[in-house]
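A.B. asks: File final_2.csv below, CSV, C-alpha atoms:
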```
chain,number,residue,atom,x,y,z
A,500,MET,CA,179.1,98.3,84.8
A,501,SER,CA,179.3,97.3,88.4
A,502,ARG,CA,177.2,95.6,91.0
A,503,ILE,CA,176.9,97.9,94.0
A,504,LEU,CA,175.3,97.4,97.4
A,505,VAL,CA,173.8,100.7,98.6
A,506,THR,CA,172.7,100.6,102.3
A,507,GLY,CA,170.2,103.2,103.3
A,508,ALA,CA,168.8,103.1,99.8
A,509,ALA,CA,165.4,104.5,100.9
A,510,GLY,CA,167.2,107.4,102.7
A,511,PHE,CA,167.7,110.9,101.3
A,512,ILE,CA,171.3,110.5,99.9
A,513,GLY,CA,170.9,106.7,99.3
A,514,PHE,CA,167.9,107.2,97.0
A,515,HIS,CA,169.6,109.9,94.9
A,516,LEU,CA,172.8,107.8,94.7
A,517,SER,CA,171.0,104.7,93.7
A,518,GLN,CA,169.3,106.6,90.9
A,519,ARG,CA,172.6,107.9,89.7
A,520,PHE,CA,174.2,104.5,89.6
A,521,LEU,CA,171.2,103.0,87.8
A,522,ASP,CA,171.2,105.8,85.3
A,523,ARG,CA,174.8,105.0,84.3
A,524,GLY,CA,174.0,101.3,83.9
A,525,ASP,CA,175.1,99.8,87.2
A,526,THR,CA,173.2,97.1,89.0
A,527,VAL,CA,172.1,98.4,92.5
A,528,VAL,CA,171.1,96.2,95.4
A,529,GLY,CA,169.4,98.4,98.0
A,530,LEU,CA,169.2,97.7,101.7
A,531,ASP,CA,167.1,99.7,104.3
A,532,ASN,CA,165.3,98.9,107.5
A,533,LEU,CA,162.6,101.6,106.8
A,534,ASN,CA,162.6,102.6,110.4
A,535,ASP,CA,160.2,105.3,111.7
A,536,TYR,CA,162.8,107.9,112.8
A,537,TYR,CA,160.9,110.0,110.2
A,538,SER,CA,158.1,109.4,107.7
A,539,VAL,CA,158.1,105.8,106.4
A,540,LYS,CA,155.8,106.9,103.6
A,541,LEU,CA,158.5,109.3,102.3
A,542,LYS,CA,161.0,106.4,102.3
A,543,GLN,CA,158.5,104.2,100.5
A,544,ASP,CA,157.8,107.0,98.0
A,545,ARG,CA,161.5,107.2,97.3
A,546,LEU,CA,161.7,103.5,96.8
A,547,ALA,CA,158.8,103.7,94.4
A,548,GLN,CA,161.0,105.8,92.1
A,549,LEU,CA,163.7,103.1,92.1
A,550,THR,CA,161.8,99.8,91.8
A,551,PRO,CA,160.7,100.2,88.2
A,552,HIS,CA,164.4,100.0,87.2
A,553,GLU,CA,165.2,96.4,86.2
A,554,GLY,CA,168.7,96.9,87.6
A,555,PHE,CA,167.4,97.6,91.1
A,556,SER,CA,166.5,95.1,93.8
A,557,PHE,CA,165.6,95.8,97.4
A,558,HIS,CA,166.1,94.0,100.7
A,559,PRO,CA,164.3,95.3,103.9
A,560,VAL,CA,167.2,94.4,106.2
A,561,ASP,CA,168.4,96.0,109.4
A,562,LEU,CA,172.2,96.4,109.4
A,563,ALA,CA,172.3,95.4,113.1
A,564,ASP,CA,170.9,92.0,112.2
A,565,ASP,CA,174.3,90.2,111.6
A,566,LYS,CA,172.7,87.0,110.3
A,567,ALA,CA,170.6,88.8,107.7
A,568,VAL,CA,173.6,90.9,106.6
A,569,ARG,CA,175.8,87.9,106.4
A,570,SER,CA,173.2,86.0,104.3
A,571,LEU,CA,173.0,88.9,101.9
A,572,PHE,CA,176.8,89.0,101.3
A,573,ASP,CA,176.8,85.2,101.0
A,574,ALA,CA,174.0,85.3,98.4
A,575,GLU,CA,175.1,88.3,96.3
A,576,PRO,CA,178.5,89.3,94.8
A,577,PHE,CA,179.2,93.0,95.0
A,578,ASP,CA,182.0,94.9,93.3
A,579,ALA,CA,181.6,97.8,95.7
A,580,VAL,CA,179.6,98.7,98.8
A,581,VAL,CA,178.4,102.2,99.7
A,582,ASN,CA,177.3,102.3,103.3
A,583,LEU,CA,174.9,105.2,103.9
A,584,ALA,CA,172.6,103.5,106.4
A,585,ALA,CA,172.9,105.1,109.8
A,586,GLN,CA,171.0,106.7,112.6
A,587,ALA,CA,171.3,110.3,111.7
A,588,GLY,CA,170.7,113.5,113.6
A,589,VAL,CA,172.8,115.3,116.3
A,590,ARG,CA,169.9,116.3,118.5
A,591,TYR,CA,168.2,112.9,118.5
A,592,SER,CA,171.5,111.4,119.8
A,593,LEU,CA,170.8,113.2,123.1
A,594,GLU,CA,167.4,111.5,123.4
A,595,ASN,CA,168.1,108.0,122.1
A,596,PRO,CA,171.9,107.1,122.3
A,597,GLN,CA,171.2,103.4,122.0
A,598,ALA,CA,169.9,103.8,118.4
A,599,TYR,CA,173.3,105.2,117.4
A,600,ILE,CA,175.2,102.3,118.9
A,601,ASN,CA,172.9,99.7,117.2
A,602,ALA,CA,172.9,101.3,113.7
A,603,ASN,CA,176.2,103.1,113.5
A,604,ILE,CA,178.5,100.8,115.5
A,605,VAL,CA,177.0,97.3,115.4
A,606,GLY,CA,175.6,97.8,111.9
A,607,PHE,CA,178.8,99.1,110.5
A,608,THR,CA,180.7,96.2,112.1
A,609,ASN,CA,178.4,93.8,110.2
A,610,ILE,CA,179.1,95.7,106.9
A,611,LEU,CA,182.9,95.5,107.5
A,612,GLU,CA,182.7,91.8,108.2
A,613,GLY,CA,180.6,91.2,105.1
A,614,CYS,CA,183.2,93.0,103.0
A,615,ARG,CA,186.1,91.3,104.7
A,616,HIS,CA,184.8,87.8,104.0
A,617,SER,CA,183.5,88.6,100.5
A,618,GLU,CA,185.7,87.5,97.5
A,619,SER,CA,184.3,90.2,95.2
A,620,VAL,CA,184.2,93.5,97.1
A,621,LYS,CA,186.9,95.8,95.9
A,622,HIS,CA,186.0,99.0,97.7
A,623,LEU,CA,184.0,100.0,100.8
A,624,VAL,CA,182.8,103.6,100.7
A,625,TYR,CA,181.0,104.8,103.8
A,626,ALA,CA,179.3,108.0,105.1
A,627,SER,CA,181.1,109.9,107.8
A,628,SER,CA,180.0,113.5,108.7
A,629,SER,CA,181.3,117.0,109.1
A,630,SER,CA,180.2,116.5,112.8
A,631,VAL,CA,183.4,114.7,113.5
A,632,TYR,CA,185.2,118.1,113.5
A,633,GLY,CA,183.4,118.7,116.8
A,634,ALA,CA,185.2,121.3,118.9
A,635,ASN,CA,187.7,122.2,116.1
A,636,THR,CA,187.7,125.9,115.2
A,637,LYS,CA,190.5,126.1,112.6
A,638,MET,CA,188.7,126.8,109.2
A,639,PRO,CA,188.3,125.4,106.7
A,640,PHE,CA,188.0,121.9,108.2
A,641,SER,CA,190.7,119.6,106.6
A,642,VAL,CA,190.8,115.8,106.6
A,643,HIS,CA,194.4,116.3,107.7
A,644,HIS,CA,193.3,117.9,110.9
A,645,ASN,CA,193.1,115.9,114.1
A,646,VAL,CA,189.4,115.2,115.0
A,647,ASP,CA,189.5,113.8,118.6
A,648,HIS,CA,187.0,116.1,120.3
A,649,PRO,CA,183.4,115.3,119.1
A,650,VAL,CA,180.6,117.1,120.8
A,651,SER,CA,177.7,114.7,120.2
A,652,LEU,CA,177.4,110.9,120.3
A,653,TYR,CA,176.4,111.0,116.6
A,654,ALA,CA,179.7,112.6,115.8
A,655,ALA,CA,181.6,110.1,118.0
A,656,SER,CA,179.9,107.2,116.2
A,657,LYS,CA,181.0,108.6,112.8
A,658,LYS,CA,184.5,109.1,114.1
A,659,ALA,CA,184.4,105.5,115.4
A,660,ASN,CA,183.4,104.3,111.8
A,661,GLU,CA,186.5,105.9,110.4
A,662,LEU,CA,188.7,104.2,113.1
A,663,MET,CA,187.0,100.8,112.5
A,664,ALA,CA,187.4,101.1,108.7
A,665,HIS,CA,191.1,101.8,109.2
A,666,CYS,CA,191.5,98.7,111.2
A,667,TYR,CA,190.0,96.6,108.4
A,668,SER,CA,192.1,98.4,105.8
A,669,HIS,CA,195.2,97.7,107.9
A,670,LEU,CA,194.5,94.1,109.0
A,671,TYR,CA,192.8,92.7,105.9
A,672,GLY,CA,193.8,95.0,103.1
A,673,LEU,CA,190.2,96.1,102.5
A,674,PRO,CA,190.2,99.4,100.6
A,675,THR,CA,188.0,101.9,102.4
A,676,THR,CA,187.0,105.5,101.8
A,677,GLY,CA,185.2,107.6,104.4
A,678,LEU,CA,183.2,110.7,103.2
A,679,ARG,CA,182.5,113.6,105.5
A,680,PHE,CA,179.3,115.1,104.2
A,681,PHE,CA,178.6,118.8,105.0
A,682,THR,CA,174.9,119.7,105.6
A,683,VAL,CA,173.2,118.0,102.6
A,684,TYR,CA,169.9,119.5,101.3
A,685,GLY,CA,167.7,119.2,98.2
A,686,PRO,CA,164.6,117.4,96.9
A,687,TRP,CA,163.4,114.3,98.8
A,688,GLY,CA,165.3,115.6,101.8
A,689,ARG,CA,164.9,114.5,105.4
A,690,PRO,CA,162.0,116.1,107.4
A,691,ASP,CA,164.2,116.6,110.5
A,692,MET,CA,166.6,118.9,108.6
A,693,ALA,CA,166.3,122.7,109.0
A,694,LEU,CA,165.3,123.5,105.4
A,695,PHE,CA,162.4,121.0,105.5
A,696,LEU,CA,161.3,122.2,108.9
A,697,PHE,CA,161.5,125.9,107.9
A,698,THR,CA,159.6,125.3,104.7
A,699,LYS,CA,156.8,123.4,106.4
A,700,ALA,CA,156.4,126.0,109.2
A,701,ILE,CA,156.5,129.0,106.9
A,702,LEU,CA,153.8,127.5,104.5
A,703,GLU,CA,151.7,126.7,107.6
A,704,GLY,CA,152.1,130.1,109.1
A,705,ARG,CA,154.0,128.9,112.1
A,706,PRO,CA,157.1,130.5,113.6
A,707,ILE,CA,160.5,128.9,112.9
A,708,ASP,CA,163.1,128.2,115.6
A,709,VAL,CA,166.4,130.0,114.7
A,710,PHE,CA,169.2,128.7,116.9
A,711,ASN,CA,172.3,130.7,118.0
A,712,HIS,CA,170.2,133.8,117.1
A,713,GLY,CA,170.9,133.1,113.4
A,714,LYS,CA,174.6,133.3,113.7
A,715,MET,CA,175.2,129.7,112.6
A,716,ARG,CA,177.2,129.2,109.5
A,717,ARG,CA,176.9,126.0,107.5
A,718,ASP,CA,178.6,124.6,104.3
A,719,PHE,CA,175.2,123.7,102.8
A,720,THR,CA,175.8,121.2,100.0
A,721,TYR,CA,173.3,120.3,97.3
A,722,VAL,CA,172.5,116.6,97.1
A,723,ASP,CA,173.5,116.2,93.4
A,724,ASP,CA,176.9,117.5,94.3
A,725,ILE,CA,177.2,115.0,97.1
A,726,VAL,CA,176.1,112.2,94.8
A,727,GLU,CA,178.6,113.2,92.1
A,728,GLY,CA,181.4,113.1,94.7
A,729,VAL,CA,180.3,109.7,96.0
A,730,VAL,CA,180.2,108.2,92.5
A,731,ARG,CA,183.6,109.5,91.6
A,732,VAL,CA,185.2,108.3,94.8
A,733,THR,CA,183.6,104.9,94.5
A,734,ASP,CA,185.3,104.5,91.2
A,735,ARG,CA,188.7,105.4,92.7
A,736,ILE,CA,190.0,102.6,94.9
A,737,PRO,CA,192.3,104.1,97.5
A,738,GLU,CA,196.0,103.1,97.7
A,739,PRO,CA,198.4,103.2,100.6
A,740,ASN,CA,200.2,106.5,101.1
A,741,PRO,CA,203.9,105.7,100.7
A,742,ASP,CA,204.9,109.0,102.5
A,743,TRP,CA,202.8,108.2,105.6
A,744,SER,CA,204.8,108.4,108.8
A,745,GLY,CA,204.0,107.3,112.3
A,746,ASP,CA,206.2,110.1,113.6
A,747,ALA,CA,203.8,112.7,112.1
A,748,PRO,CA,200.7,110.6,111.3
A,749,ASP,CA,198.4,112.1,108.7
A,750,PRO,CA,194.7,111.5,109.8
A,751,GLY,CA,193.4,111.6,106.2
A,752,THR,CA,195.6,108.8,104.8
A,753,SER,CA,197.5,105.7,105.9
A,754,ARG,CA,200.0,103.1,105.0
A,755,ALA,CA,196.9,101.0,104.5
A,756,PRO,CA,194.5,101.4,101.5
A,757,TYR,CA,192.5,104.0,103.4
A,758,LYS,CA,191.3,107.5,102.6
A,759,ILE,CA,189.1,110.3,104.0
A,760,TYR,CA,187.5,113.1,101.9
A,761,ASN,CA,185.3,116.1,102.7
A,762,ILE,CA,182.4,116.7,100.4
A,763,GLY,CA,181.1,120.2,101.0
A,764,ASN,CA,180.3,123.3,99.1
A,765,ASN,CA,183.5,125.0,100.3
A,766,GLN,CA,181.4,128.2,100.8
A,767,PRO,CA,179.7,128.5,104.2
A,768,VAL,CA,176.4,130.4,104.4
A,769,GLU,CA,174.9,132.2,107.3
A,770,LEU,CA,171.7,130.7,108.6
A,771,MET,CA,169.9,134.1,108.2
A,772,HIS,CA,170.9,134.2,104.5
A,773,LEU,CA,169.5,130.7,104.0
A,774,ILE,CA,166.2,131.8,105.6
A,775,GLU,CA,166.1,135.0,103.4
A,776,THR,CA,166.7,132.8,100.3
A,777,LEU,CA,163.9,130.5,101.4
A,778,GLU,CA,161.5,133.3,102.1
A,779,SER,CA,162.2,134.6,98.6
A,780,ALA,CA,161.6,131.2,97.0
A,781,LEU,CA,158.4,130.7,98.9
A,782,GLY,CA,157.1,134.3,98.5
A,783,ARG,CA,156.4,134.5,102.3
A,784,GLU,CA,158.2,136.0,105.3
A,785,ALA,CA,159.0,133.8,108.2
A,786,GLU,CA,158.1,134.6,111.8
A,787,LYS,CA,161.3,133.9,113.7
A,788,ASN,CA,161.7,132.5,117.2
A,789,MET,CA,165.3,133.4,118.1
A,790,LEU,CA,167.0,130.9,120.4
A,791,GLY,CA,170.5,130.1,121.8
A,792,MET,CA,172.8,127.2,120.8
A,793,GLN,CA,171.5,123.7,121.3
A,794,PRO,CA,173.7,121.1,123.0
A,795,GLY,CA,175.8,119.1,120.5
A,796,ASP,CA,175.6,121.8,117.8
A,797,VAL,CA,178.7,123.7,116.5
A,798,PRO,CA,178.5,127.3,115.4
A,799,ALA,CA,180.1,126.8,111.9
A,800,THR,CA,181.2,124.3,109.3
A,801,TYR,CA,183.5,124.9,106.3
A,802,ALA,CA,184.9,122.2,104.1
A,803,ASP,CA,188.4,122.1,102.7
A,804,VAL,CA,187.9,120.0,99.5
A,805,ASP,CA,191.4,120.3,98.0
A,806,ASP,CA,192.0,116.5,98.2
A,807,LEU,CA,188.6,115.8,96.5
A,808,ILE,CA,189.5,118.2,93.6
A,809,ARG,CA,193.0,116.7,93.3
A,810,ASP,CA,192.1,113.1,93.3
A,811,VAL,CA,188.7,112.9,91.5
A,812,GLY,CA,188.6,116.3,89.7
A,813,PHE,CA,185.3,117.5,91.3
A,814,LYS,CA,184.3,120.4,93.5
A,815,PRO,CA,180.7,120.9,94.7
A,816,ALA,CA,179.4,124.2,93.3
A,817,THR,CA,175.6,124.5,93.3
A,818,PRO,CA,174.7,128.0,94.6
A,819,ILE,CA,172.3,128.0,97.6
A,820,GLU,CA,169.7,130.1,95.6
A,821,GLU,CA,169.5,127.4,92.9
A,822,GLY,CA,169.4,124.5,95.3
A,823,ILE,CA,166.7,126.0,97.5
A,824,GLY,CA,164.7,126.8,94.5
A,825,ARG,CA,164.8,123.2,93.4
A,826,PHE,CA,163.9,122.0,96.9
A,827,VAL,CA,160.9,124.4,97.1
A,828,GLU,CA,159.7,123.3,93.7
A,829,TRP,CA,159.8,119.6,94.8
A,830,TYR,CA,158.2,120.3,98.2
A,831,ARG,CA,155.3,122.1,96.7
A,832,GLU,CA,154.7,119.3,94.1
A,833,TYR,CA,155.2,116.4,96.6
A,834,HIS,CA,152.9,117.9,99.3
A,835,GLY,CA,150.5,119.5,96.8
A,836,VAL,CA,151.0,123.0,98.3
```
Could you take the file, read its structure, and then write that structure out as structure tokens?
C.D. replies:
Amino acid sequence: MSRILVTGAAGFIGFHLSQRFLDRGDTVVGLDNLNDYYSVKLKQDRLAQLTPHEGFSFHPVDLADDKAVRSLFDAEPFDAVVNLAAQAGVRYSLENPQAYINANIVGFTNILEGCRHSESVKHLVYASSSSVYGANTKMPFSVHHNVDHPVSLYAASKKANELMAHCYSHLYGLPTTGLRFFTVYGPWGRPDMALFLFTKAILEGRPIDVFNHGKMRRDFTYVDDIVEGVVRVTDRIPEPNPDWSGDAPDPGTSRAPYKIYNIGNNQPVELMHLIETLESALGREAEKNMLGMQPGDVPATYADVDDLIRDVGFKPATPIEEGIGRFVEWYREYHGV
């Protein structure tokens, strides 16, 4: 049994991950600032599922508050930290860039400092994103590819997290693992994500906005698969790569105790197929408003998960039909539709 700090515990992935850790007997300390980027009630309802567990405690703390974060690390010993708290969303980063600096850069610095000065933290795991692949077009995306051309500030902030983590692994020997998540979906999902927006609009008889005329392809990954990957990676503390060379630097590993993994379904799905599957699950046809590409978006994502399979013996595999069916079932129950 471990004592684990999960930041963003009231968020979509953080909630599911906290449940999974609790179910296996770990003690979970949850942190979240419960901001209003989307429904605070949804976040509170997620927390309400966690608070009955005697192994769960919650702190309403903003990661950007360095004194509050420092006090938490001073007061509580953690075996591992999983940092999922962040300002999410590619499109919102065009409207409110400062939010990404505060949460994703300043906040992550505070977590790194907390781990660095802790005498108990053995592993920092943190959420990166498939967005870091940016302008890359070679598929599938591999952690061993260079990712120096982000196309949104959100992506740049996640790439910055990977660079910052490497510094702390190199300078202080802090084992860190970054996880590039690929388009996560499922029950209790975020209302700003396409699947949630589409479901709400279709049930309300409103048209849905279909970007890039439906030609987008995404490696949609069911939340339970993401969580399984995070749990397995958290249990595996990274070690330095003895074969790493500065003459031909491998972006996914290091001479330091540092590692990067993709967690994706390894099976990209066309947006129109997602919509058709959703229509089938809802028993209704969507009215579609076909639009061009949005700034900051990329036309396709596709995860190479060979390293994940090799190191932790897991590959996400939930079919889109099964995952969407579970999401629709939850949506109808939660919203009383």
A.B. asks: Using only C-alpha atoms, find the one residue out of A:Glu727, A:Glu594, A:Asp718, A:Glu661 that sits nearest to Gln518 in chain A.
C.D. replies: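 Of A:Glu727, A:Glu594, A:Asp718, A:Glu661, the one nearest Gln518 in chain A, counting only C-alpha atoms, is A:Glu727.
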A.B. asks: What is the CA of Ile762 in chain A-CA of Gly510 in chain A distance in Å, reported with one decimal?
C.D. replies: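 Going from CA of Ile762 in chain A over to CA of Gly510 in chain A, I get 18.0 Å.
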A.B. asks: Have a look at A:Gln586, A:Ser629, A:Thr675, A:Asn645 and name the one nearest to Ile610 in chain A; count only C-alpha atoms.
C.D. replies: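 Under the stated criterion, the closest residue is A:Thr675.
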A.B. asks: Give as a ChimeraX atom specification the set of residues within 6 Å of the point (178.2, 117.3, 106.1), where distances use the file's coordinates and only C-alpha atoms.
C.D. replies: /A:628-629,679-682
A.B. asks: Mind giving me the straight-line distance from CA of Glu778 in chain A to CA of Leu694 in chain A in Å, one decimal?
C.D. replies: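 Interatomic distance here is 11.0 Å.
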A.B. asks: What's around Asp561 in chain A at 9 Å? Count all atoms listed in the file, leave out sequence neighbours fewer than 6 positions away in its own chain, and write the answer as a tab-separated table (two decimals) with C-alpha atoms, in the coordinates of the input.
C.D. replies:
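Once written, selection07.tsv looks like this:
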```tsv
chain	number	residue	atom	x	y	z
A	530	LEU	CA	169.20	97.70	101.70
A	531	ASP	CA	167.10	99.70	104.30
A	532	ASN	CA	165.30	98.90	107.50
A	533	LEU	CA	162.60	101.60	106.80
A	534	ASN	CA	162.60	102.60	110.40
A	567	ALA	CA	170.60	88.80	107.70
A	568	VAL	CA	173.60	90.90	106.60
A	602	ALA	CA	172.90	101.30	113.70
A	606	GLY	CA	175.60	97.80	111.90
```
A.B. asks: Please list as a PDB file with C-alpha atoms, in the coordinates of the input every residue within 10 Å of Asp810 in chain A, counting only C-alpha atoms and excluding residues in the same chain fewer than 2 positions away.
C.D. replies:
```pdb
ATOM      1  CA  ARG A 731     183.600 109.500  91.600  1.00  0.00           C
ATOM      2  CA  VAL A 732     185.200 108.300  94.800  1.00  0.00           C
ATOM      3  CA  ARG A 735     188.700 105.400  92.700  1.00  0.00           C
ATOM      4  CA  PRO A 737     192.300 104.100  97.500  1.00  0.00           C
ATOM      5  CA  TYR A 760     187.500 113.100 101.900  1.00  0.00           C
ATOM      6  CA  ASP A 805     191.400 120.300  98.000  1.00  0.00           C
ATOM      7  CA  ASP A 806     192.000 116.500  98.200  1.00  0.00           C
ATOM      8  CA  LEU A 807     188.600 115.800  96.500  1.00  0.00           C
ATOM      9  CA  ILE A 808     189.500 118.200  93.600  1.00  0.00           C
ATOM     10  CA  GLY A 812     188.600 116.300  89.700  1.00  0.00           C
ATOM     11  CA  PHE A 813     185.300 117.500  91.300  1.00  0.00           C
TER      12      PHE A 813
END
```
A.B. asks: Quick one, how far is CA of Leu546 in chain A from CA of Arg519 in chain A?
C.D. replies: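 These two atoms are separated by 13.7 Å.
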A.B. asks: I need the residue nearest Gly507 in chain A from this list: A:Val642, A:Ile774, A:Val589, A:Val560. Use only C-alpha atoms for the distance.
C.D. replies: A:Val560
A.B. asks: Can you tell me, as a PyMOL selection string, what residues are no more than 9 Å from Gly704 in chain A when counting all atoms listed in the file, ignoring any on the same chain fewer than 4 positions away?
C.D. replies: chain A and resi 699-700+785-786
A.B. asks: Using all atoms listed in the file, can you tell me which of A:Glu832, A:Asp522, A:Glu738, A:Glu784 comes closest to Leu549 in chain A?
C.D. replies: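 Nearest candidate to Leu549 in chain A out of A:Glu832, A:Asp522, A:Glu738, A:Glu784: A:Asp522.
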A.B. asks: Which is closest to Ala509 in chain A among A:Tyr537, A:Phe577, A:Trp829, A:Tyr653, if we use only C-alpha atoms?
C.D. replies: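 Smallest distance to Ala509 in chain A is found for A:Tyr537.
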A.B. asks: For Val797 in chain A, which residue out of A:His558, A:Lys814, A:Lys714, A:Arg831 is the nearest one, using all atoms listed in the file?
C.D. replies: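 Of the candidates, the smallest distance to Val797 in chain A is held by A:Lys714.
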A.B. asks: Using all atoms listed in the file, collect all residues at a distance of at most 12 Å from (160.2, 124.3, 107.4) as written in the file, then present them as a PyMOL selection string.
C.D. replies: chain A and resi 688-709+773-774+777-778+781+785-787+823+826-827+830-831
A.B. asks: For the residues selected in the previous step, produce a file with C-alpha atoms as an mmCIF file, in the frame of the given file.
C.D. replies:
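Produced file result21.cif, reproduced below:
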```
data_model
loop_
_atom_site.group_PDB
_atom_site.id
_atom_site.type_symbol
_atom_site.label_atom_id
_atom_site.label_comp_id
_atom_site.auth_asym_id
_atom_site.auth_seq_id
_atom_site.Cartn_x
_atom_site.Cartn_y
_atom_site.Cartn_z
ATOM 1 C CA GLY A 688 165.300 115.600 101.800
ATOM 2 C CA ARG A 689 164.900 114.500 105.400
ATOM 3 C CA PRO A 690 162.000 116.100 107.400
ATOM 4 C CA ASP A 691 164.200 116.600 110.500
ATOM 5 C CA MET A 692 166.600 118.900 108.600
ATOM 6 C CA ALA A 693 166.300 122.700 109.000
ATOM 7 C CA LEU A 694 165.300 123.500 105.400
ATOM 8 C CA PHE A 695 162.400 121.000 105.500
ATOM 9 C CA LEU A 696 161.300 122.200 108.900
ATOM 10 C CA PHE A 697 161.500 125.900 107.900
ATOM 11 C CA THR A 698 159.600 125.300 104.700
ATOM 12 C CA LYS A 699 156.800 123.400 106.400
ATOM 13 C CA ALA A 700 156.400 126.000 109.200
ATOM 14 C CA ILE A 701 156.500 129.000 106.900
ATOM 15 C CA LEU A 702 153.800 127.500 104.500
ATOM 16 C CA GLU A 703 151.700 126.700 107.600
ATOM 17 C CA GLY A 704 152.100 130.100 109.100
ATOM 18 C CA ARG A 705 154.000 128.900 112.100
ATOM 19 C CA PRO A 706 157.100 130.500 113.600
ATOM 20 C CA ILE A 707 160.500 128.900 112.900
ATOM 21 C CA ASP A 708 163.100 128.200 115.600
ATOM 22 C CA VAL A 709 166.400 130.000 114.700
ATOM 23 C CA LEU A 773 169.500 130.700 104.000
ATOM 24 C CA ILE A 774 166.200 131.800 105.600
ATOM 25 C CA LEU A 777 163.900 130.500 101.400
ATOM 26 C CA GLU A 778 161.500 133.300 102.100
ATOM 27 C CA LEU A 781 158.400 130.700 98.900
ATOM 28 C CA ALA A 785 159.000 133.800 108.200
ATOM 29 C CA GLU A 786 158.100 134.600 111.800
ATOM 30 C CA LYS A 787 161.300 133.900 113.700
ATOM 31 C CA ILE A 823 166.700 126.000 97.500
ATOM 32 C CA PHE A 826 163.900 122.000 96.900
ATOM 33 C CA VAL A 827 160.900 124.400 97.100
ATOM 34 C CA TYR A 830 158.200 120.300 98.200
ATOM 35 C CA ARG A 831 155.300 122.100 96.700
#
```
A.B. asks: Env of Pro739 in chain A: 8 Å cut, atoms = all atoms listed in the file, seq-sep filter 3 positions within chain, self excluded. Answer as an MDAnalysis selection string.
C.D. replies: chainID A and resid 752:757
